[in-house]
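Trainee: Below is the file work_36.cif, with mmCIF, C-alpha atoms.
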data_run
#
loop_
_atom_site.group_PDB
_atom_site.id
_atom_site.type_symbol
_atom_site.label_atom_id
_atom_site.label_comp_id
_atom_site.auth_asym_id
_atom_site.auth_seq_id
_atom_site.Cartn_x
_atom_site.Cartn_y
_atom_site.Cartn_z
ATOM 1 C CA MET A 1 0.000 0.000 0.000
ATOM 2 C CA SER A 2 1.436 3.371 -0.959
ATOM 3 C CA GLN A 3 1.902 6.078 1.625
ATOM 4 C CA GLY A 4 -1.008 8.159 0.203
ATOM 5 C CA ALA A 5 -3.387 5.196 0.372
ATOM 6 C CA GLU A 6 -2.712 4.277 4.017
ATOM 7 C CA SER A 7 -5.603 4.443 6.435
ATOM 8 C CA THR A 8 -6.033 4.165 10.174
ATOM 9 C CA ALA A 9 -9.068 3.788 12.423
ATOM 10 C CA LEU A 10 -10.665 6.997 13.605
ATOM 11 C CA GLU A 11 -10.170 7.909 17.239
ATOM 12 C CA ASP A 12 -13.940 8.304 17.688
ATOM 13 C CA GLY A 13 -14.261 4.520 17.736
ATOM 14 C CA SER A 14 -16.455 4.350 14.647
ATOM 15 C CA GLY A 15 -14.008 2.074 12.880
ATOM 16 C CA ALA A 16 -14.307 4.234 9.762
ATOM 17 C CA PRO A 17 -10.972 4.761 8.029
ATOM 18 C CA GLU A 18 -9.221 8.084 8.207
ATOM 19 C CA ARG A 19 -7.692 8.604 4.802
ATOM 20 C CA LEU A 20 -4.467 10.560 4.736
ATOM 21 C CA GLY A 21 -3.885 13.468 2.418
ATOM 22 C CA SER A 22 -5.732 16.528 1.287
ATOM 23 C CA PRO A 23 -9.547 16.315 1.339
ATOM 24 C CA SER A 24 -9.564 17.750 -2.189
ATOM 25 C CA ARG A 25 -7.194 15.123 -3.615
ATOM 26 C CA PRO A 26 -8.424 13.214 -6.681
ATOM 27 C CA LEU A 27 -10.517 10.107 -6.127
ATOM 28 C CA ASN A 28 -8.648 6.826 -6.250
ATOM 29 C CA ARG A 29 -10.022 4.009 -8.428
ATOM 30 C CA THR A 30 -12.143 2.483 -5.677
ATOM 31 C CA GLU A 31 -13.558 5.823 -4.518
ATOM 32 C CA ARG A 32 -14.414 6.735 -8.100
ATOM 33 C CA ALA A 33 -16.121 3.375 -8.669
ATOM 34 C CA VAL A 34 -18.160 3.816 -5.464
ATOM 35 C CA TRP A 35 -19.203 7.373 -6.336
ATOM 36 C CA LEU A 36 -20.059 6.683 -9.982
ATOM 37 C CA GLY A 37 -21.783 3.423 -9.034
ATOM 38 C CA LEU A 38 -24.000 5.268 -6.556
ATOM 39 C CA LEU A 39 -24.895 7.949 -9.101
ATOM 40 C CA SER A 40 -25.497 5.504 -11.934
ATOM 41 C CA THR A 41 -27.569 3.106 -9.819
ATOM 42 C CA HIS A 42 -29.653 5.954 -8.421
ATOM 43 C CA MET A 43 -30.270 7.496 -11.844
ATOM 44 C CA LYS A 44 -31.166 4.204 -13.542
ATOM 45 C CA LEU A 45 -33.409 3.079 -10.688
ATOM 46 C CA LEU A 46 -35.297 6.389 -10.596
ATOM 47 C CA ARG A 47 -35.725 6.328 -14.372
ATOM 48 C CA THR A 48 -37.069 2.764 -14.280
ATOM 49 C CA LEU A 49 -39.441 3.457 -11.381
ATOM 50 C CA ASP A 50 -40.722 6.609 -13.094
ATOM 51 C CA THR A 51 -41.254 4.804 -16.405
ATOM 52 C CA GLU A 52 -43.067 1.860 -14.817
ATOM 53 C CA LEU A 53 -45.292 3.998 -12.568
ATOM 54 C CA THR A 54 -46.214 6.270 -15.466
ATOM 55 C CA ALA A 55 -46.960 3.334 -17.769
ATOM 56 C CA ALA A 56 -48.996 1.347 -15.231
ATOM 57 C CA GLU A 57 -50.810 4.067 -13.288
ATOM 58 C CA ARG A 58 -50.128 7.343 -15.152
ATOM 59 C CA ILE A 59 -48.443 8.601 -11.993
ATOM 60 C CA PRO A 60 -44.852 9.820 -12.343
ATOM 61 C CA LEU A 61 -42.404 9.003 -9.550
ATOM 62 C CA SER A 62 -42.434 12.584 -8.226
ATOM 63 C CA SER A 63 -46.230 12.398 -7.794
ATOM 64 C CA PHE A 64 -45.972 8.950 -6.237
ATOM 65 C CA GLU A 65 -43.494 10.282 -3.666
ATOM 66 C CA VAL A 66 -45.968 12.999 -2.694
ATOM 67 C CA LEU A 67 -48.804 10.448 -2.464
ATOM 68 C CA LEU A 68 -46.577 8.176 -0.345
ATOM 69 C CA THR A 69 -45.697 11.040 2.013
ATOM 70 C CA VAL A 70 -49.343 12.010 2.481
ATOM 71 C CA ALA A 71 -50.651 8.413 2.638
ATOM 72 C CA GLU A 72 -48.165 7.455 5.351
ATOM 73 C CA ALA A 73 -48.920 10.549 7.460
ATOM 74 C CA PRO A 74 -51.321 10.510 10.381
ATOM 75 C CA GLU A 75 -54.839 11.214 9.117
ATOM 76 C CA GLY A 76 -53.574 11.305 5.498
ATOM 77 C CA ARG A 77 -52.636 14.991 5.643
ATOM 78 C CA VAL A 78 -49.314 16.834 5.646
ATOM 79 C CA ARG A 79 -48.275 20.468 5.586
ATOM 80 C CA MET A 80 -47.183 21.454 2.101
ATOM 81 C CA LYS A 81 -43.924 22.929 3.415
ATOM 82 C CA ASP A 82 -43.175 19.674 5.258
ATOM 83 C CA ILE A 83 -43.680 17.621 2.097
ATOM 84 C CA ALA A 84 -41.299 19.893 0.185
ATOM 85 C CA ALA A 85 -38.694 19.621 2.948
ATOM 86 C CA SER A 86 -38.939 15.835 3.246
ATOM 87 C CA LEU A 87 -38.712 15.298 -0.522
ATOM 88 C CA LEU A 88 -35.963 17.902 -0.982
ATOM 89 C CA ILE A 89 -37.900 19.855 -3.599
ATOM 90 C CA SER A 90 -38.778 23.516 -3.824
ATOM 91 C CA ARG A 91 -42.178 24.713 -2.676
ATOM 92 C CA SER A 92 -42.940 25.839 -6.223
ATOM 93 C CA GLY A 93 -41.985 22.409 -7.565
ATOM 94 C CA LEU A 94 -44.262 20.784 -5.008
ATOM 95 C CA THR A 95 -47.077 23.173 -5.919
ATOM 96 C CA ARG A 96 -46.894 22.018 -9.544
ATOM 97 C CA ILE A 97 -47.023 18.352 -8.495
ATOM 98 C CA VAL A 98 -49.924 18.919 -6.090
ATOM 99 C CA ASP A 99 -51.788 20.980 -8.719
ATOM 100 C CA ASP A 100 -51.622 17.941 -11.011
ATOM 101 C CA LEU A 101 -52.674 15.542 -8.236
ATOM 102 C CA GLU A 102 -55.566 17.854 -7.389
ATOM 103 C CA ARG A 103 -56.712 17.939 -11.038
ATOM 104 C CA GLN A 104 -56.758 14.133 -10.949
ATOM 105 C CA GLY A 105 -58.811 14.171 -7.740
ATOM 106 C CA LEU A 106 -56.112 12.391 -5.722
ATOM 107 C CA VAL A 107 -55.436 15.126 -3.170
ATOM 108 C CA VAL A 108 -57.057 18.342 -2.012
ATOM 109 C CA ARG A 109 -55.495 21.339 -0.325
ATOM 110 C CA GLU A 110 -57.039 22.428 2.941
ATOM 111 C CA LYS A 111 -56.168 25.218 5.346
ATOM 112 C CA CYS A 112 -53.902 23.956 8.083
ATOM 113 C CA PRO A 113 -56.009 23.681 11.271
ATOM 114 C CA THR A 114 -53.107 24.856 13.461
ATOM 115 C CA ASP A 115 -51.751 27.661 11.220
ATOM 116 C CA ALA A 116 -54.102 29.723 9.072
ATOM 117 C CA ARG A 117 -51.183 30.770 6.855
ATOM 118 C CA GLY A 118 -50.378 27.228 5.756
ATOM 119 C CA PHE A 119 -52.026 24.526 3.710
ATOM 120 C CA ASP A 120 -52.125 20.769 4.074
ATOM 121 C CA ALA A 121 -52.219 18.263 1.260
ATOM 122 C CA VAL A 122 -54.974 15.778 2.092
ATOM 123 C CA LEU A 123 -55.400 12.412 0.413
ATOM 124 C CA THR A 124 -58.824 11.745 -1.116
ATOM 125 C CA GLU A 125 -60.407 8.293 -1.260
ATOM 126 C CA ALA A 126 -59.476 8.155 -4.974
ATOM 127 C CA GLY A 127 -55.950 9.160 -3.984
ATOM 128 C CA ARG A 128 -55.748 6.380 -1.424
ATOM 129 C CA LYS A 129 -56.825 3.825 -4.053
ATOM 130 C CA ALA A 130 -54.402 5.208 -6.647
ATOM 131 C CA TYR A 131 -51.607 5.178 -4.062
ATOM 132 C CA ARG A 132 -52.259 1.518 -3.184
ATOM 133 C CA ARG A 133 -52.157 0.499 -6.875
ATOM 134 C CA ALA A 134 -49.040 2.584 -7.577
ATOM 135 C CA ARG A 135 -47.333 1.269 -4.438
ATOM 136 C CA LYS A 136 -47.586 -2.290 -5.778
ATOM 137 C CA VAL A 137 -45.941 -1.200 -9.041
ATOM 138 C CA HIS A 138 -43.287 0.759 -7.162
ATOM 139 C CA LEU A 139 -42.425 -2.048 -4.751
ATOM 140 C CA SER A 140 -42.336 -4.799 -7.376
ATOM 141 C CA ASN A 141 -39.994 -2.764 -9.572
ATOM 142 C CA LEU A 142 -37.853 -1.627 -6.637
ATOM 143 C CA ARG A 143 -37.409 -5.263 -5.652
ATOM 144 C CA LYS A 144 -36.825 -6.525 -9.202
ATOM 145 C CA GLU A 145 -34.392 -3.791 -10.241
ATOM 146 C CA PHE A 146 -32.493 -3.330 -6.973
ATOM 147 C CA LEU A 147 -33.291 -5.148 -3.726
ATOM 148 C CA ASP A 148 -33.609 -8.693 -5.108
ATOM 149 C CA LYS A 149 -30.201 -8.373 -6.771
ATOM 150 C CA LEU A 150 -28.547 -8.174 -3.340
ATOM 151 C CA THR A 151 -28.051 -10.848 -0.716
ATOM 152 C CA ASP A 152 -29.397 -10.344 2.805
ATOM 153 C CA GLU A 153 -25.826 -9.712 3.939
ATOM 154 C CA GLN A 154 -25.313 -7.061 1.253
ATOM 155 C CA LEU A 155 -28.590 -5.367 2.199
ATOM 156 C CA THR A 156 -27.545 -5.282 5.865
ATOM 157 C CA THR A 157 -24.139 -3.889 4.929
ATOM 158 C CA LEU A 158 -25.663 -1.250 2.672
ATOM 159 C CA ALA A 159 -28.163 -0.205 5.359
ATOM 160 C CA GLY A 160 -25.232 0.164 7.760
ATOM 161 C CA ILE A 161 -23.342 2.248 5.227
ATOM 162 C CA TRP A 162 -26.272 4.648 4.777
ATOM 163 C CA ALA A 163 -26.583 4.969 8.575
ATOM 164 C CA THR A 164 -22.849 5.644 8.884
ATOM 165 C CA VAL A 165 -22.872 8.238 6.127
ATOM 166 C CA GLY A 166 -25.870 9.825 7.821
ATOM 167 C CA LEU A 167 -27.938 10.569 4.744
ATOM 168 C CA ASP A 168 -30.811 8.230 5.643
ATOM 169 C CA ASP A 169 -32.989 10.684 7.601
ATOM 170 C CA ASN A 170 -36.112 9.725 5.647
ATOM 171 C CA ALA A 171 -35.370 6.045 5.176
ATOM 172 C CA ALA A 172 -38.248 4.981 7.408
ATOM 173 C CA ALA A 173 -40.726 6.833 5.169
ATOM 174 C CA CYS A 174 -40.440 4.284 2.370
#
Can you turn what I pasted into structure tokens?
Mentor:
Amino acid sequence: MSQGAESTALEDGSGAPERLGSPSRPLNRTERAVWLGLLSTHMKLLRTLDTELTAAERIPLSSFEVLLTVAEAPEGRVRMKDIAASLLISRSGLTRIVDDLERQGLVVREKCPTDARGFDAVLTEAGRKAYRRARKVHLSNLRKEFLDKLTDEQLTTLAGIWATVGLDDNAAAC
């Protein structure tokens, strides 16, 4: 192992390697493969899920994510600003998605009972039915295209990696 590629355990006890050298140094082959693999897998999986949801239920992935957020919320209602924050989209982007879902009769906007300035997205009965159908499409394709390709051990390792990296704040929402 070359001097630049040496690693030692972190003093915080996490067991994560502390890589030596400048933080802005170029990626080594393994780091590049990990980064590009993450990006490529994410992009291809999102494209496939979007295509399949649109073909089967005429609901794009972005709309499905909003339906999922509202359907999984207590009483089937969520503040618009909270949906935008949880899905990492702008409020204007969310407004466009909810406008479309409203036109389809899947959600309605109602004044927030605790803050007259805000609005909640509320799932309609038609929205609940559409969500259940779309969820089956989403889950079957998520399993086929990603989860079923991994062993139980790989899934456990990957879940641990996401927890270590700390970017899994909304993982329980799926």
Trainee: For a quick check of understanding, using all atoms listed in the file, which of A:Arg79, A:Arg143, A:Arg132, A:Arg58 has the smallest distance to A:Arg109?
Mentor: A:Arg79
Trainee: I'd like to see the residues matched by the PyMOL selection byres ((chain A and resi 145) around 10) on this file, and ideally I'd get them as a VMD selection string.
Mentor: chain A and resid 41 44 to 45 48 to 49 139 to 144 146 to 149
Trainee: Would you output that residue set with C-alpha atoms, as a short mmCIF file (atom, residue, chain, number, x, y, z; two decimals), in the frame of the given file?
Mentor:
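Done, and the output landed in out-v1.cif:
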data_model
loop_
_atom_site.label_atom_id
_atom_site.label_comp_id
_atom_site.auth_asym_id
_atom_site.auth_seq_id
_atom_site.Cartn_x
_atom_site.Cartn_y
_atom_site.Cartn_z
CA THR A 41 -27.57 3.11 -9.82
CA LYS A 44 -31.17 4.20 -13.54
CA LEU A 45 -33.41 3.08 -10.69
CA THR A 48 -37.07 2.76 -14.28
CA LEU A 49 -39.44 3.46 -11.38
CA LEU A 139 -42.42 -2.05 -4.75
CA SER A 140 -42.34 -4.80 -7.38
CA ASN A 141 -39.99 -2.76 -9.57
CA LEU A 142 -37.85 -1.63 -6.64
CA ARG A 143 -37.41 -5.26 -5.65
CA LYS A 144 -36.83 -6.52 -9.20
CA PHE A 146 -32.49 -3.33 -6.97
CA LEU A 147 -33.29 -5.15 -3.73
CA ASP A 148 -33.61 -8.69 -5.11
CA LYS A 149 -30.20 -8.37 -6.77
#
Trainee: What is the atom CA of A:Met80-atom CA of A:Ala121 distance in Å, reported with one decimal?
Mentor: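 Distance reported for this atom pair: 6.0 Å.
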Trainee: Using all atoms listed in the file, which residues sit within 12 Å of stretch 86-98 of chain A once same-chain residues fewer than 4 positions away are excluded, as a VMD selection string?
Mentor: chain A and resid 59 to 70 78 to 82 102 to 109 119 to 123 127 168 to 174
Trainee: So which one's closest to A:Arg135, A:Leu53, A:Leu20, A:Leu27, A:Ile161? Using all atoms listed in the file, please.
Mentor: A:Leu53
